[in-house]
$ cat structure-v2.cif   # mmCIF, C-alpha atoms
data_entry
#
loop_
_atom_site.label_atom_id
_atom_site.label_comp_id
_atom_site.auth_asym_id
_atom_site.auth_seq_id
_atom_site.Cartn_x
_atom_site.Cartn_y
_atom_site.Cartn_z
CA MET A 1 0.00 0.00 0.00
CA LYS A 2 1.37 3.38 -1.02
CA TRP A 3 1.39 6.14 1.62
CA ARG A 4 0.75 9.81 0.98
CA ILE A 5 3.07 12.18 2.82
CA LEU A 6 1.84 15.71 3.54
CA LYS A 7 4.73 18.10 4.05
CA LEU A 8 5.08 20.35 7.11
CA GLU A 9 2.54 23.16 7.18
CA LYS A 10 1.12 25.62 9.71
CA ASN A 11 -2.53 26.07 10.58
CA ASP A 12 -4.57 27.25 13.51
CA ALA A 13 -5.76 24.65 16.02
CA PHE A 14 -9.24 24.37 14.51
CA MET A 15 -8.00 23.64 11.01
CA ASN A 16 -5.31 21.29 12.28
CA MET A 17 -7.80 19.05 14.05
CA ALA A 18 -10.34 19.40 11.22
CA ILE A 19 -7.78 18.36 8.60
CA ASP A 20 -6.90 15.21 10.57
CA GLU A 21 -10.58 14.30 10.74
CA ALA A 22 -11.21 15.14 7.07
CA ILE A 23 -8.34 12.87 6.03
CA ALA A 24 -9.73 10.10 8.25
CA ASN A 25 -13.13 10.51 6.56
CA ALA A 26 -11.53 10.26 3.10
CA VAL A 27 -9.44 7.22 4.06
CA ALA A 28 -12.61 5.57 5.43
CA LYS A 29 -14.36 6.19 2.11
CA GLY A 30 -11.37 4.88 0.19
CA THR A 31 -10.90 8.16 -1.67
CA SER A 32 -7.49 8.88 -0.04
CA SER A 33 -4.42 6.76 0.59
CA PRO A 34 -3.07 6.11 4.05
CA THR A 35 -1.51 9.40 5.06
CA ILE A 36 1.33 10.71 7.19
CA ARG A 37 1.01 14.40 7.86
CA PHE A 38 3.41 16.85 9.52
CA TYR A 39 2.20 20.14 10.94
CA GLU A 40 2.70 23.09 13.29
CA TRP A 41 0.30 25.34 15.17
CA LYS A 42 -0.08 29.06 14.49
CA PRO A 43 -1.02 30.72 16.76
CA ASP A 44 0.24 28.64 19.70
CA ALA A 45 -2.50 26.39 21.06
CA VAL A 46 -3.46 24.08 23.87
CA SER A 47 -5.34 20.91 23.13
CA ILE A 48 -7.17 18.76 25.64
CA GLY A 49 -8.05 15.08 25.42
CA TYR A 50 -11.58 14.04 24.45
CA PHE A 51 -12.53 13.20 28.06
CA GLN A 52 -10.99 16.19 29.81
CA GLY A 53 -12.82 19.19 31.20
CA MET A 54 -11.72 22.39 29.45
CA ASN A 55 -11.93 24.49 32.60
CA ASP A 56 -10.32 21.75 34.68
CA GLU A 57 -7.23 21.72 32.48
CA ILE A 58 -6.88 25.12 30.84
CA ASP A 59 -6.63 28.70 32.11
CA ILE A 60 -8.83 30.18 29.42
CA ASP A 61 -8.24 33.78 30.51
CA ALA A 62 -4.48 33.26 30.22
CA CYS A 63 -4.98 31.75 26.74
CA LYS A 64 -7.03 34.73 25.61
CA LYS A 65 -4.44 37.19 26.95
CA GLN A 66 -1.62 35.39 25.15
CA ASN A 67 -3.55 34.73 21.91
CA VAL A 68 -3.43 30.97 22.40
CA ASP A 69 -6.17 28.81 20.87
CA ALA A 70 -7.81 26.16 23.06
CA ILE A 71 -9.35 23.08 21.49
CA ARG A 72 -10.72 19.65 22.36
CA ARG A 73 -9.22 16.77 20.37
CA ARG A 74 -11.11 13.76 19.08
CA THR A 75 -8.49 11.59 20.77
CA GLY A 76 -8.17 10.84 24.47
CA GLY A 77 -5.07 11.53 26.53
CA GLY A 78 -3.91 14.67 28.28
CA ALA A 79 -3.64 18.40 27.77
CA VAL A 80 -0.82 19.55 25.49
CA TYR A 81 0.72 22.95 24.87
CA HIS A 82 1.54 23.33 21.16
CA ASP A 83 4.23 25.95 20.76
CA GLU A 84 4.59 27.22 17.19
CA ILE A 85 8.37 27.04 17.44
CA GLY A 86 8.81 24.35 20.04
CA GLU A 87 7.35 21.23 18.48
CA ILE A 88 6.51 19.28 15.35
CA THR A 89 3.21 17.43 15.26
CA TYR A 90 2.50 14.42 13.08
CA SER A 91 -0.59 12.41 12.28
CA VAL A 92 -0.81 8.90 10.89
CA ILE A 93 -4.15 8.06 9.31
CA ALA A 94 -4.59 4.59 7.85
CA PRO A 95 -7.10 1.77 7.48
CA GLU A 96 -7.11 -0.39 10.61
CA SER A 97 -6.62 -3.37 8.29
CA ILE A 98 -3.00 -2.40 7.57
CA MET A 99 -2.12 -1.56 11.19
CA PRO A 100 -1.70 -3.83 14.24
CA LYS A 101 -5.07 -4.78 15.74
CA GLY A 102 -4.05 -4.13 19.34
CA ILE A 103 -4.04 -0.54 20.55
CA THR A 104 -0.75 -0.90 22.45
CA GLU A 105 0.85 -2.69 19.48
CA SER A 106 -0.16 0.09 17.10
CA TYR A 107 1.11 2.76 19.52
CA HIS A 108 4.33 0.80 19.70
CA LEU A 109 4.65 0.62 15.90
CA ILE A 110 4.06 4.32 15.25
CA CYS A 111 6.10 5.42 18.26
CA GLY A 112 8.84 3.23 16.76
CA TRP A 113 8.90 5.60 13.77
CA ILE A 114 9.47 8.50 16.21
CA ILE A 115 12.23 6.54 17.91
CA ASP A 116 13.83 5.90 14.50
CA SER A 117 13.59 9.64 13.72
CA LEU A 118 15.25 10.59 17.01
CA GLU A 119 17.93 7.98 16.44
CA LEU A 120 18.86 9.79 13.20
CA LEU A 121 19.52 12.87 15.37
CA GLY A 122 21.68 10.87 17.75
CA ILE A 123 19.02 10.63 20.46
CA LYS A 124 18.34 7.19 21.89
CA ALA A 125 14.69 6.93 22.85
CA GLU A 126 12.25 4.21 23.85
CA PHE A 127 8.51 3.54 23.87
CA LYS A 128 6.86 3.93 27.25
CA PRO A 129 3.36 2.47 27.31
CA ILE A 130 0.67 3.65 27.17
CA ASN A 131 1.44 6.46 24.76
CA ASP A 132 4.79 8.15 25.39
CA VAL A 133 8.29 8.17 23.94
CA ILE A 134 11.03 8.85 26.47
CA THR A 135 14.77 9.49 26.39
CA ASN A 136 16.96 9.21 29.50
CA GLY A 137 13.76 8.67 31.47
CA LYS A 138 12.19 11.94 30.29
CA LYS A 139 9.24 12.40 27.95
CA ILE A 140 10.12 13.78 24.52
CA SER A 141 6.96 12.81 22.63
CA GLY A 142 3.29 12.38 23.58
CA ASN A 143 0.81 10.55 21.36
CA ALA A 144 -2.91 9.84 21.15
CA GLN A 145 -4.92 7.49 18.99
CA THR A 146 -8.53 6.96 17.97
CA ARG A 147 -10.21 4.45 15.70
CA ARG A 148 -13.43 5.12 13.85
CA ASN A 149 -15.11 3.71 10.76
CA GLY A 150 -12.26 1.26 10.25
CA VAL A 151 -9.62 3.99 10.29
CA LEU A 152 -6.81 4.49 12.80
CA LEU A 153 -5.81 8.07 13.50
CA GLN A 154 -2.81 8.71 15.71
CA HIS A 155 -1.37 12.13 16.26
CA GLY A 156 1.45 13.22 18.50
CA THR A 157 4.19 15.72 19.05
CA VAL A 158 7.94 15.68 19.13
CA LEU A 159 9.22 18.36 21.49
CA TYR A 160 11.85 20.53 19.89
CA ASP A 161 12.22 23.24 22.54
CA VAL A 162 10.02 23.33 25.65
CA ASN A 163 8.90 26.62 27.15
CA VAL A 164 7.86 25.20 30.52
CA GLU A 165 7.02 28.60 32.03
CA LYS A 166 4.60 29.48 29.23
CA MET A 167 3.16 25.98 29.28
CA PHE A 168 2.35 26.37 32.97
CA SER A 169 0.79 29.77 32.53
CA LEU A 170 -1.79 28.05 30.29
CA LEU A 171 -2.27 24.58 31.73
CA LYS A 172 -3.74 23.98 35.17
CA VAL A 173 -2.22 21.14 37.10
CA SER A 174 -4.38 19.67 39.79
CA GLN A 175 -2.00 18.06 42.26
CA GLU A 176 0.26 20.89 43.30
CA LYS A 177 -0.28 24.46 44.26
CA ILE A 178 3.28 25.72 44.42
CA ALA A 179 3.99 26.69 40.84
CA ASP A 180 7.79 26.90 41.10
CA LYS A 181 8.11 23.49 42.63
CA LEU A 182 5.83 22.13 39.94
CA ILE A 183 7.84 23.68 37.13
CA GLU A 184 11.02 22.16 38.53
CA ASP A 185 9.27 18.81 38.70
CA VAL A 186 8.17 19.03 35.06
CA LYS A 187 11.68 20.02 33.98
CA GLU A 188 12.77 16.74 35.52
CA ARG A 189 10.15 14.76 33.61
CA VAL A 190 10.05 16.44 30.18
CA THR A 191 12.82 17.06 27.71
CA SER A 192 13.24 18.25 24.14
CA VAL A 193 15.48 17.70 21.14
CA ARG A 194 17.35 20.93 21.93
CA GLN A 195 18.00 19.86 25.49
CA GLN A 196 19.41 16.59 24.24
CA LYS A 197 21.23 17.97 21.18
CA PRO A 198 21.57 21.78 21.41
CA LYS A 199 22.99 22.18 17.89
CA VAL A 200 20.19 20.38 16.06
CA THR A 201 17.95 22.76 14.09
CA LYS A 202 14.21 22.30 13.70
CA ASP A 203 14.68 21.68 9.96
CA LYS A 204 16.93 18.75 10.84
CA VAL A 205 14.25 17.37 13.18
CA TYR A 206 11.67 17.56 10.40
CA ASP A 207 13.99 15.89 7.89
CA ALA A 208 14.68 13.12 10.40
CA MET A 209 10.95 12.65 11.03
CA VAL A 210 10.22 12.34 7.30
CA LYS A 211 12.96 9.70 7.05
CA GLY A 212 11.96 7.90 10.24
CA PHE A 213 8.27 7.76 9.31
CA THR A 214 8.76 6.71 5.67
CA GLU A 215 11.60 4.20 6.04
CA GLY A 216 10.68 0.95 4.29
CA LYS A 217 7.40 2.32 2.96
CA GLU A 218 6.29 3.01 -0.57
CA PHE A 219 5.22 6.66 -0.61
CA ASP A 220 4.62 9.88 -2.54
CA PHE A 221 4.62 13.45 -1.31
CA GLY A 222 1.10 14.73 -1.92
CA PHE A 223 -1.50 17.35 -1.10
CA LEU A 224 -4.93 17.44 0.47
CA THR A 225 -7.65 16.68 -2.05
CA GLU A 226 -10.34 19.26 -2.78
CA GLU A 227 -12.84 17.01 -1.02
CA GLU A 228 -10.65 16.94 2.12
CA MET A 229 -10.16 20.72 2.09
CA ILE A 230 -13.91 21.35 1.84
CA ASP A 231 -14.64 18.77 4.57
CA ALA A 232 -11.92 20.24 6.82
CA SER A 233 -13.26 23.81 6.45
CA MET A 234 -16.73 22.54 7.28
CA LEU A 235 -15.52 20.55 10.33
CA ALA A 236 -13.51 23.53 11.63
CA GLU A 237 -16.64 25.68 11.57
CA THR A 238 -19.23 23.15 12.69
CA ARG A 239 -17.25 21.25 15.32
CA TYR A 240 -13.83 22.49 16.35
CA LYS A 241 -14.67 26.18 16.72
CA LYS A 242 -17.88 25.45 18.59
CA GLU A 243 -18.25 25.94 22.33
CA GLU A 244 -20.60 22.92 22.42
CA TRP A 245 -17.61 20.81 21.37
CA ASN A 246 -14.77 22.49 23.23
CA TYR A 247 -16.70 22.90 26.49
CA MET A 248 -18.58 19.59 26.23
CA ARG A 249 -16.86 18.56 29.49
CA MET B 1 -31.47 24.13 42.65
CA ILE B 2 -32.33 23.58 46.33
CA GLY B 3 -31.08 20.34 47.80
CA ARG B 4 -28.96 19.48 44.81
CA LYS B 5 -25.42 18.52 45.77
CA LYS B 6 -22.19 18.14 43.86
CA GLY B 7 -19.12 16.09 44.60
CA ILE B 8 -15.77 15.55 42.91
CA ALA B 9 -13.27 12.74 43.33
CA THR B 10 -9.89 12.63 41.59
CA GLU B 11 -7.31 9.88 41.54
CA LYS B 12 -4.20 9.06 39.57
CA LEU B 13 -4.57 5.38 38.76
CA GLN B 14 -1.87 2.78 38.44
CA GLY B 15 -0.36 3.33 34.99
CA GLY B 16 -0.40 7.09 35.50
CA LYS B 17 -3.75 8.17 34.05
CA LEU B 18 -5.86 10.63 35.99
CA VAL B 19 -9.58 10.03 36.50
CA ARG B 20 -11.85 12.76 37.84
CA ILE B 21 -15.49 12.01 38.58
CA LYS B 22 -18.01 14.80 38.95
CA ALA B 23 -21.29 13.74 40.51
CA GLU B 24 -24.54 15.58 41.03
CA PHE B 25 -27.18 14.16 43.34
CA GLN B 26 -30.29 15.07 45.29
CA ASP B 27 -31.66 13.35 48.38
CA ASN B 28 -30.57 9.77 47.86
CA SER B 29 -30.66 9.78 44.08
CA ILE B 30 -27.88 10.38 41.54
CA ILE B 31 -28.82 13.00 38.95
CA SER B 32 -25.75 12.81 36.72
CA ILE B 33 -22.10 11.94 36.68
CA GLN B 34 -19.27 12.90 34.38
CA ILE B 35 -16.17 10.79 33.84
CA THR B 36 -13.22 13.01 32.92
CA GLY B 37 -9.46 12.62 32.66
CA ASP B 38 -6.55 11.71 30.40
CA PHE B 39 -7.41 8.03 29.89
CA PHE B 40 -8.61 6.40 26.64
CA ILE B 41 -11.99 4.82 25.91
CA TYR B 42 -12.81 3.46 22.46
CA PRO B 43 -15.17 4.41 20.91
CA GLU B 44 -14.95 7.71 22.76
CA GLU B 45 -18.63 8.68 22.54
CA ASN B 46 -19.64 5.56 24.45
CA VAL B 47 -18.39 7.13 27.68
CA LYS B 48 -21.91 8.59 27.87
CA GLU B 49 -23.35 5.09 28.15
CA LEU B 50 -21.11 4.44 31.15
CA GLU B 51 -22.19 7.71 32.75
CA GLU B 52 -25.85 6.87 32.23
CA VAL B 53 -25.48 3.68 34.27
CA PHE B 54 -25.45 5.84 37.41
CA VAL B 55 -28.41 8.10 36.60
CA LEU B 56 -31.29 7.71 39.11
CA LYS B 57 -29.36 5.08 41.07
CA ASN B 58 -29.52 5.27 44.85
CA ILE B 59 -26.40 6.92 46.26
CA PHE B 60 -25.87 3.85 48.46
CA PHE B 61 -25.54 1.63 45.38
CA ASP B 62 -23.76 -1.69 45.53
CA GLU B 63 -20.35 -1.15 43.94
CA LYS B 64 -19.94 -4.70 42.69
CA GLU B 65 -23.38 -4.66 41.07
CA ILE B 66 -22.67 -1.40 39.20
CA GLU B 67 -19.22 -2.60 38.19
CA ASN B 68 -20.82 -5.65 36.59
CA GLU B 69 -23.36 -3.45 34.83
CA ILE B 70 -20.51 -1.37 33.37
CA LEU B 71 -18.63 -4.49 32.33
CA LYS B 72 -21.72 -5.74 30.49
CA ILE B 73 -21.99 -2.46 28.52
CA VAL B 74 -18.28 -2.50 27.72
CA LYS B 75 -18.63 -6.02 26.36
CA LYS B 76 -21.89 -5.39 24.51
CA LYS B 77 -20.58 -2.24 22.82
CA GLY B 78 -17.15 -3.71 22.10
CA MET B 79 -15.47 -0.93 24.06
CA THR B 80 -11.81 -0.82 25.03
CA LEU B 81 -10.75 0.97 28.21
CA ILE B 82 -7.12 2.01 28.63
CA GLY B 83 -5.86 3.70 31.77
CA ILE B 84 -9.30 3.47 33.43
CA THR B 85 -11.31 0.56 34.84
CA PRO B 86 -14.97 -0.09 35.76
CA GLU B 87 -13.77 -0.64 39.33
CA ALA B 88 -12.10 2.80 39.46
CA ILE B 89 -15.14 4.54 37.94
CA THR B 90 -17.50 2.95 40.47
CA ARG B 91 -15.24 3.55 43.44
CA LEU B 92 -14.67 7.19 42.51
CA VAL B 93 -18.37 7.87 41.98
CA LYS B 94 -18.93 6.59 45.51
CA LYS B 95 -16.09 8.80 46.77
CA ALA B 96 -17.43 11.88 44.95
CA ILE B 97 -20.84 11.38 46.51
CA SER B 98 -19.40 10.88 49.97
CA ASN B 99 -17.50 14.19 49.71
CA PRO B 100 -20.13 16.74 48.65
CA ILE B 101 -18.90 20.29 48.17
CA PRO B 102 -20.44 22.24 51.09
CA GLU B 103 -22.86 24.97 50.01
CA GLU B 104 -21.10 27.54 52.24
CA LYS B 105 -17.71 26.79 50.70
CA LYS B 106 -19.15 27.10 47.21
CA LYS B 107 -20.59 30.52 48.08
CA ILE B 108 -17.35 31.79 49.63
CA SER B 109 -15.29 30.47 46.77
CA SER B 110 -17.41 32.27 44.17
CA GLU B 111 -17.03 35.53 46.10
CA GLU B 112 -13.30 34.99 46.39
CA LYS B 113 -13.07 34.34 42.69
CA LYS B 114 -14.21 37.87 41.95
CA LYS B 115 -11.45 39.31 44.11
CA THR B 116 -8.46 37.14 43.41
CA SER B 117 -6.11 37.02 40.48
CA ASN B 118 -6.41 34.36 37.76
CA LYS B 119 -3.60 32.30 39.19
CA GLU B 120 -5.05 32.34 42.68
CA LYS B 121 -8.41 31.47 41.24
CA SER B 122 -7.16 28.31 39.64
CA ASP B 123 -5.36 27.27 42.83
CA ASP B 124 -8.50 27.86 44.85
CA ALA B 125 -10.58 25.70 42.54
CA ARG B 126 -8.23 22.80 43.06
#
$ encode --input "structure-v2.cif" --output "C-alpha cells"
Amino acid sequence: MKWRILKLEKNDAFMNMAIDEAIANAVAKGTSSPTIRFYEWKPDAVSIGYFQGMNDEIDIDACKKQNVDAIRRRTGGGAVYHDEIGEITYSVIAPESIMPKGITESYHLICGWIIDSLELLGIKAEFKPINDVITNGKKISGNAQTRRNGVLLQHGTVLYDVNVEKMFSLLKVSQEKIADKLIEDVKERVTSVRQQKPKVTKDKVYDAMVKGFTEGKEFDFGFLTEEEMIDASMLAETRYKKEEWNYMR
Amino acid sequence: MIGRKKGIATEKLQGGKLVRIKAEFQDNSIISIQITGDFFIYPEENVKELEEVFVLKNIFFDEKEIENEILKIVKKKGMTLIGITPEAITRLVKKAISNPIPEEKKKISSEEKKKTSNKEKSDDAR
C-alpha cells in the first residue's frame, strides 16, 4: 500500500484538528491513501483530550491574553501545549486493516517511527506504554490514537524546545499548588530535542521525522484533495470552533 | 437548585492516568455523573453510556453490582478501556458522593473568585 506524505505546514488549532478528521473521513471512504502528515500550530495552542474538562485543564483567561487557541481533540489523553516554534506534530491516518489490531501494538509501531527519527539525530529513545516516547527517562513525545469507521488516527508531538514557564501559565495542574516546585518537577520529567542535542535545528528534526516515518514504505509526497479541504473547512466551523464541542466537558 | 449537591473525586490510577469524577445528586438519588481525565476509551462517545449507568441510582448503590453493569456495557458495545477501569469509575463515583462540596464553601469560593487574580483562582478551585 502506497502512503501519501503531507509536508510540514502551519494552521490554527481548529483547522489542524479538522484536517486530521477530514483525512480520516476520506481514508474511510477509500478516496485517499493512508496518510502521514506533519504540521505546526499558528497561533500557539493548547489541546485537551476528548474526556478532559476544558476548565479543569486550561486557564482560558491566560490563553485569551496570550492569543493561544484552546481546542478539544477527538483523541483521548492529556492536555498539550503546542508551541509554534517548540514542536513538530505528526498524524498517521490509515485503514485499521494495515495496522496492528491491538491498541498498544499500534502505539508501539508508530512510536517506533518517532524513535527511528530521534535515532537519526543521535538521540536514543524508547517507547513507554501507554502512549509516550522517552529518552533518559524523560518524555520527549506524547501521542494519542482513535479508531473510527475502520480507520486508525494517531497524532502526536515531538518536542523541539520546551517553554515550561509558558506551558504552565496556560495549563492547570491539579496536584500541586506551588507553581515553582511544579515547574522544577516538570523540567525533571520532560525534555526536548534541543536539550538533548543543542545544535540540532528544527529543519533537521523535520527531515529526520520524514525519514523515520517513511523508512521501508512506498510513498509519494502529496497534497490534500479538494474534497478533504472542503470537509476540513466545514468541520472547523461546525465542530472544532464550537463551544458545544470544546466545552462539552 | 435547592437540595442538589455536587461532589468531585480525583485519583491518579496505576499506569499514571488521571480520572476525575463529577457527581450531582439530590436526596438519595444520583442526577448525573461525568467521567473526565486523560485516559482512553474506544469508541470515545460511548463514555456517555457508562455515565448513564449511574443516573437515578440510589447513592448507596452496591459497587460490585454497578461494576458488573458497566462491564456488560463494555462487552456489549465492544469498548476498550485504557488507563481506566470499571472498578475505578464505580469507586470514585462513591467517593465523589461521599465528599459533597459544602454549600457555604461554594458561596465563599465564588465571592473569592471575583477578588483574586487568575492564578489564585485556579489554585483555589483545586
$ atom_distance --input "structure-v2.cif" --atom1 "atom CA of A:Asn136" --atom2 "atom CA of A:Ile58"
28.7 Å
$ atom_distance --input "structure-v2.cif" --atom1 "atom CA of A:Ile140" --atom2 "atom CA of A:Lys204"
16.1 Å
$ interface_residues --input "structure-v2.cif" --of "chain A" --to "chain B" --cutoff "9 Å" --atoms "all atoms listed in the file" --output "tab-separated table (two decimals) with C-alpha atoms, in the coordinates of the input"
chain	number	residue	atom	x	y	z
A	48	ILE	CA	-7.17	18.76	25.64
A	49	GLY	CA	-8.05	15.08	25.42
A	50	TYR	CA	-11.58	14.04	24.45
A	51	PHE	CA	-12.53	13.20	28.06
A	52	GLN	CA	-10.99	16.19	29.81
A	53	GLY	CA	-12.82	19.19	31.20
A	56	ASP	CA	-10.32	21.75	34.68
A	59	ASP	CA	-6.63	28.70	32.11
A	61	ASP	CA	-8.24	33.78	30.51
A	62	ALA	CA	-4.48	33.26	30.22
A	74	ARG	CA	-11.11	13.76	19.08
A	75	THR	CA	-8.49	11.59	20.77
A	76	GLY	CA	-8.17	10.84	24.47
A	77	GLY	CA	-5.07	11.53	26.53
A	78	GLY	CA	-3.91	14.67	28.28
A	79	ALA	CA	-3.64	18.40	27.77
A	103	ILE	CA	-4.04	-0.54	20.55
A	129	PRO	CA	3.36	2.47	27.31
A	130	ILE	CA	0.67	3.65	27.17
A	144	ALA	CA	-2.91	9.84	21.15
A	145	GLN	CA	-4.92	7.49	18.99
A	146	THR	CA	-8.53	6.96	17.97
A	147	ARG	CA	-10.21	4.45	15.70
A	148	ARG	CA	-13.43	5.12	13.85
A	169	SER	CA	0.79	29.77	32.53
A	172	LYS	CA	-3.74	23.98	35.17
A	173	VAL	CA	-2.22	21.14	37.10
A	174	SER	CA	-4.38	19.67	39.79
A	175	GLN	CA	-2.00	18.06	42.26
A	176	GLU	CA	0.26	20.89	43.30
A	177	LYS	CA	-0.28	24.46	44.26
A	178	ILE	CA	3.28	25.72	44.42
A	249	ARG	CA	-16.86	18.56	29.49
$ atom_distance --input "structure-v2.cif" --atom1 "atom CA of A:Ala236" --atom2 "atom CA of A:Asn16"
8.5 Å
$ resolve_selection --input "structure-v2.cif" --expression "the PyMOL selection byres ((chain A and resi 222) around 12)" --output "number ranges by chain"
A: 2-8, 32-38, 219-221, 223-225
$ resolve_selection --input "structure-v2.cif" --expression "the PyMOL selection byres ((chain A and resi 42) around 12)" --output "list in words"
Glu9, Lys10, Asn11, Asp12, Ala13, Phe14, Met15, Asn16, Tyr39, Glu40, Trp41, Pro43, Asp44, Ala45, Val46, Asn67, Val68, Asp69, Ala70, His82, Asp83, Glu84, Ile85, Gly86, Glu87 and Ile88 of chain A
$ decode --input "structure-v2.cif" --residues "stretch 11-61 of chain B" --atoms "C-alpha atoms" --output "short mmCIF file (atom, residue, chain, number, x, y, z; two decimals), in the first residue's frame"
data_model
loop_
_atom_site.label_atom_id
_atom_site.label_comp_id
_atom_site.auth_asym_id
_atom_site.auth_seq_id
_atom_site.Cartn_x
_atom_site.Cartn_y
_atom_site.Cartn_z
CA GLU B 11 -7.31 9.88 41.54
CA LYS B 12 -4.20 9.06 39.57
CA LEU B 13 -4.57 5.38 38.76
CA GLN B 14 -1.87 2.78 38.44
CA GLY B 15 -0.36 3.33 34.99
CA GLY B 16 -0.40 7.09 35.50
CA LYS B 17 -3.75 8.17 34.05
CA LEU B 18 -5.86 10.63 35.99
CA VAL B 19 -9.58 10.03 36.50
CA ARG B 20 -11.85 12.76 37.84
CA ILE B 21 -15.49 12.01 38.58
CA LYS B 22 -18.01 14.80 38.95
CA ALA B 23 -21.29 13.74 40.51
CA GLU B 24 -24.54 15.58 41.03
CA PHE B 25 -27.18 14.16 43.34
CA GLN B 26 -30.29 15.07 45.29
CA ASP B 27 -31.66 13.35 48.38
CA ASN B 28 -30.57 9.77 47.86
CA SER B 29 -30.66 9.78 44.08
CA ILE B 30 -27.88 10.38 41.54
CA ILE B 31 -28.82 13.00 38.95
CA SER B 32 -25.75 12.81 36.72
CA ILE B 33 -22.10 11.94 36.68
CA GLN B 34 -19.27 12.90 34.38
CA ILE B 35 -16.17 10.79 33.84
CA THR B 36 -13.22 13.01 32.92
CA GLY B 37 -9.46 12.62 32.66
CA ASP B 38 -6.55 11.71 30.40
CA PHE B 39 -7.41 8.03 29.89
CA PHE B 40 -8.61 6.40 26.64
CA ILE B 41 -11.99 4.82 25.91
CA TYR B 42 -12.81 3.46 22.46
CA PRO B 43 -15.17 4.41 20.91
CA GLU B 44 -14.95 7.71 22.76
CA GLU B 45 -18.63 8.68 22.54
CA ASN B 46 -19.64 5.56 24.45
CA VAL B 47 -18.39 7.13 27.68
CA LYS B 48 -21.91 8.59 27.87
CA GLU B 49 -23.35 5.09 28.15
CA LEU B 50 -21.11 4.44 31.15
CA GLU B 51 -22.19 7.71 32.75
CA GLU B 52 -25.85 6.87 32.23
CA VAL B 53 -25.48 3.68 34.27
CA PHE B 54 -25.45 5.84 37.41
CA VAL B 55 -28.41 8.10 36.60
CA LEU B 56 -31.29 7.71 39.11
CA LYS B 57 -29.36 5.08 41.07
CA ASN B 58 -29.52 5.27 44.85
CA ILE B 59 -26.40 6.92 46.26
CA PHE B 60 -25.87 3.85 48.46
CA PHE B 61 -25.54 1.63 45.38
#
